[in-house]
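Structure, as structure tokens:
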Amino acid sequence: MAGYILKRLLSAIPVLFGISIIVFLIMAMIPGDPATAILGSFATPENVEKLNRDLGLDQGLVQRYFIWLTNMLQGDFGRSFALNRPVLDEVLERFNATLILAGTAFVICALLGVAAGVVSAARQYGVADKVITFVVLLGISIPSFFLGMMMILIFSVNLRWFPVSGMWPIYGTRDIWALLDHLMLPALALAVVATGVIARLARSAMLEVLRQDFIRTARAKGVRESRVIWGHALRAAMVSIIPVLGIQAGFVLSGAVYIEMVFQWPGVGRMLVDAILKRDILLVQGGVVFVAACYVLFNIAVDVAQSMLDPRIKT
């Protein structure tokens with residue numbers, strides 16, 4: 001297992017290297033002068049020239065990339081000119097908020113999606129299967145940002161059950177209950193599409209397992225149906241379900257950008273949108289690479305979990 005984990009970690013290095021190149025080139029190809037966009041009304045020729053030197057924009061493209069990459073490998077992601085603080089500090093602070101939102105949404109979609117898929121497969125062609133299929137298809141068809149706006153209109157504006165936006169109340173105590181109150185709507189809006197995808201694929205995986213010989217043998221021995229479904233069949237189906245969970249974790253993390261903008265959640269997604277509008281190059285590059293690294297590490301963890309359930313995967 002240690003060798004397998006080391007192999008997966010080494011394979012992640014070229015992936016992150018490629019991501020860094022793509023992000024750097026995209027930011028370099030954006031039309032316009034970044035220094036002029038950052039300075040705004042203070043964009044005199046002297047100030048633009050000085051800022052270009054500070055940003056390293058007066059050097060060649062390849063040289064700028066390797067300087068940025070070398071500094072980043074040493075833990076120096078640069079300094080945000082718009083916020084006047086280290087990029088890594090800002091990203092870590094914002095990532096805590098994104099982790100709370102995306103983590104909660106992922107737990108919701110994983111639990112509800114797997115449970116819905118199992119029940120749907122166990123009651124194939126029954127009323128429960130048809131109801132779950134209808135709800136799942138409806139959830140997959142609705143964009144997360146549109147669902148979020150509708151939830152704000154219904155539950156926040158009309159019914160006034162939940163806050164409209166933000167992570168904390170403007171006034172009052174910042175405790176766990178206040179956080180949950182603000183977290184409920186954005187987490188549910190973010191989890192809906194992923195829940196539907198997981199439910200559909202979990203249903204397919206369960207139906208395939210339920211047709212296998214060891215399930216018929218367990219039923220022939222008189223094992224309770226609940227234990228057959230939730231004990232034997234689900235464990236075997238998890239080998240196929242776990243990779244889906246890993247993919248949907250990436251979807252939830254990327255989808256947090258839309259939800260953070262809709263609900264004004266102070267996370268990495270909202271930070272990146274603001275940084276792009278302000279042409280804060282180092283903040284955009286550092287934020288994207290950091291999020292990509294987290295996603296790659298999570299996928300490695302998913303692969304390790306899958307190999308524990310099915311040792312054949314390591315071969």
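FYI, nothing fancy with the structure tokens labels: chains A, B, ... in order, residues from 1 per chain, ligands from 1 as they appear.
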Q) Which of stretch 40-282 of chain A counts as strand (DSSP E) under DSSP, as a list of chain:residue names please? A)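 So, restricting stretch 40-282 of chain A to strand (DSSP E), we get A:Arg79, A:Ser80, A:Arg85, A:Pro86.
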File dump, residues just selected, all heavy atoms, as an mmCIF file, in the first residue's frame:
data_model
loop_
_atom_site.group_PDB
_atom_site.id
_atom_site.type_symbol
_atom_site.label_atom_id
_atom_site.label_comp_id
_atom_site.auth_asym_id
_atom_site.auth_seq_id
_atom_site.Cartn_x
_atom_site.Cartn_y
_atom_site.Cartn_z
ATOM 1 N N ARG A 79 2.712 38.170 -3.622
ATOM 2 C CA ARG A 79 1.909 39.107 -2.829
ATOM 3 C C ARG A 79 0.803 39.702 -3.691
ATOM 4 O O ARG A 79 1.048 40.122 -4.824
ATOM 5 C CB ARG A 79 2.802 40.216 -2.268
ATOM 6 C CG ARG A 79 2.122 41.099 -1.224
ATOM 7 C CD ARG A 79 3.100 42.076 -0.607
ATOM 8 N NE ARG A 79 2.500 42.774 0.517
ATOM 9 C CZ ARG A 79 2.467 42.325 1.758
ATOM 10 N NH1 ARG A 79 3.033 41.154 2.034
ATOM 11 N NH2 ARG A 79 1.894 43.000 2.728
ATOM 12 N N SER A 80 -0.393 39.708 -3.142
ATOM 13 C CA SER A 80 -1.531 40.281 -3.847
ATOM 14 C C SER A 80 -1.440 41.799 -3.816
ATOM 15 O O SER A 80 -1.379 42.407 -2.738
ATOM 16 C CB SER A 80 -2.839 39.826 -3.189
ATOM 17 O OG SER A 80 -3.929 40.583 -3.672
ATOM 18 N N ARG A 85 -1.415 41.799 0.657
ATOM 19 C CA ARG A 85 -1.077 40.777 1.635
ATOM 20 C C ARG A 85 -0.579 39.544 0.892
ATOM 21 O O ARG A 85 -0.856 39.394 -0.309
ATOM 22 C CB ARG A 85 -2.279 40.417 2.516
ATOM 23 C CG ARG A 85 -3.440 39.780 1.775
ATOM 24 C CD ARG A 85 -4.548 39.381 2.731
ATOM 25 N NE ARG A 85 -4.096 38.499 3.775
ATOM 26 C CZ ARG A 85 -4.896 37.844 4.619
ATOM 27 N NH1 ARG A 85 -6.207 37.982 4.506
ATOM 28 N NH2 ARG A 85 -4.430 37.065 5.547
ATOM 29 N N PRO A 86 0.150 38.641 1.563
ATOM 30 C CA PRO A 86 0.644 37.435 0.881
ATOM 31 C C PRO A 86 -0.482 36.606 0.287
ATOM 32 O O PRO A 86 -1.539 36.442 0.896
ATOM 33 C CB PRO A 86 1.375 36.679 2.000
ATOM 34 C CG PRO A 86 1.768 37.730 2.981
ATOM 35 C CD PRO A 86 0.667 38.754 2.939
#
Q: Would you kindly return, as a PyMOL selection string, each protein, DNA or RNA residue with an atom no farther than 8 Å from any atom of stretch 111-116 of chain A, considering only C-alpha atoms and excluding same-chain residues fewer than 3 positions away?
A: chain A and resi 107-108+119-120+132+194-200+202-203
(Q) Give me the residues near stretch 21-31 of chain A as a PyMOL selection string, where near means some atom within 9 Å (using only C-alpha atoms) and where sequence neighbours in that chain fewer than 6 positions away do not count. (A) chain A and resi 61+65+276+279+281+284-285+288-289
Take the residues just selected and output them with N, CA and C atoms as a PDB file, in the first residue's frame.
ATOM      1  N   LEU A  61       8.604  35.675 -21.088  1.00  0.00           N
ATOM      2  CA  LEU A  61       7.533  34.813 -20.590  1.00  0.00           C
ATOM      3  C   LEU A  61       8.081  33.580 -19.877  1.00  0.00           C
ATOM      4  N   TYR A  65       7.845  32.630 -15.837  1.00  0.00           N
ATOM      5  CA  TYR A  65       7.220  31.399 -15.343  1.00  0.00           C
ATOM      6  C   TYR A  65       8.116  30.672 -14.356  1.00  0.00           C
ATOM      7  N   ILE A 276      -9.736  38.096 -10.723  1.00  0.00           N
ATOM      8  CA  ILE A 276      -9.700  38.169 -12.189  1.00  0.00           C
ATOM      9  C   ILE A 276     -10.180  39.536 -12.660  1.00  0.00           C
ATOM     10  N   ARG A 279      -7.502  41.951 -12.159  1.00  0.00           N
ATOM     11  CA  ARG A 279      -6.234  41.565 -12.803  1.00  0.00           C
ATOM     12  C   ARG A 279      -5.143  41.322 -11.764  1.00  0.00           C
ATOM     13  N   ILE A 281      -2.872  39.099 -10.809  1.00  0.00           N
ATOM     14  CA  ILE A 281      -2.326  37.913 -11.463  1.00  0.00           C
ATOM     15  C   ILE A 281      -1.851  36.871 -10.459  1.00  0.00           C
ATOM     16  N   VAL A 284      -4.668  35.060  -8.597  1.00  0.00           N
ATOM     17  CA  VAL A 284      -5.384  34.096  -9.440  1.00  0.00           C
ATOM     18  C   VAL A 284      -4.553  32.840  -9.628  1.00  0.00           C
ATOM     19  N   GLN A 285      -3.291  33.007  -9.998  1.00  0.00           N
ATOM     20  CA  GLN A 285      -2.428  31.855 -10.240  1.00  0.00           C
ATOM     21  C   GLN A 285      -2.242  31.020  -8.987  1.00  0.00           C
ATOM     22  N   VAL A 288      -5.653  29.160  -8.034  1.00  0.00           N
ATOM     23  CA  VAL A 288      -6.006  28.039  -8.906  1.00  0.00           C
ATOM     24  C   VAL A 288      -5.092  26.844  -8.652  1.00  0.00           C
ATOM     25  N   VAL A 289      -3.785  27.081  -8.532  1.00  0.00           N
ATOM     26  CA  VAL A 289      -2.846  25.981  -8.294  1.00  0.00           C
ATOM     27  C   VAL A 289      -3.117  25.326  -6.944  1.00  0.00           C
TER      28      VAL A 289
END
Can I get the residues of stretch 182-244 of chain A within 12 Å of stretch 141-164 of chain A, each with the closest pair of atoms and their distance in Å to one decimal, using only C-alpha atoms, sorted chain first then ascending number, as a tab-separated table?
residue	atom	partner	partner_atom	distance
A:His182	CA	A:Pro163	CA	5.9
A:Leu183	CA	A:Pro163	CA	9.1
A:Met184	CA	A:Phe162	CA	7.9
A:Leu185	CA	A:Met151	CA	6.9
A:Pro186	CA	A:Gly148	CA	6.7
A:Ala187	CA	A:Gly148	CA	9.4
A:Leu188	CA	A:Gly148	CA	8.5
A:Ala189	CA	A:Gly148	CA	5.3
A:Leu190	CA	A:Ser144	CA	5.9
A:Ala191	CA	A:Ser144	CA	8.3
A:Val192	CA	A:Ser144	CA	7.3
A:Val193	CA	A:Ser144	CA	7.0
A:Ala194	CA	A:Ser144	CA	9.8
A:Thr195	CA	A:Ser144	CA	11.7
A:Gly196	CA	A:Ser141	CA	9.3
A:Val197	CA	A:Ser141	CA	10.6
Q. Neighbours of stretch 233-240 of chain A within 7 Å (only C-alpha atoms; same-chain residues fewer than 2 positions away dropped), as a list in words?
A.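 The residues satisfying every condition are Ala205, Met206, Val209, Leu210, Val228, Ile229, Trp230, Gly231, Ile242, Pro243, Gln306, Leu309 and Asp310 of chain A.
One finds atom CA of A:Asp58 at 28.1 Å from atom CA of A:Pro14.
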**Q.** Every residue of stretch 94-226 of chain A that DSSP places in helix (DSSP H, G or I), as an MDAnalysis selection string
**A.** chainID A and resid 94:122 127:141 144:158 176:210 213:220 225:226
Q: Name all residues at most 8 Å from stretch 91-106 of chain A (count only C-alpha atoms; drop same-chain ones fewer than 2 positions away) and give them as a list in words.
A: Val87, Leu88, Asp89, Ile108, Cys109, Ala110, Leu183, Pro186, Ala187, Leu188, Leu190, Ala191, Gln248, Ala249, Val252, Leu253, Ala256, Trp265, Pro266, Gly267, Val268, Gly269, Met271, Leu283, Gly286, Gly287 and Phe290 of chain A
**Q.** Atom-to-atom span, atom CA of A:Ile241 and atom CA of A:Gly117, Å
**A.** 10.1 Å
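When only C-alpha atoms are used to compute distances to A:Phe81, the closest of the residues A:Val135, A:Ile259, A:Leu282, A:Leu180 turns out to be A:Leu282.
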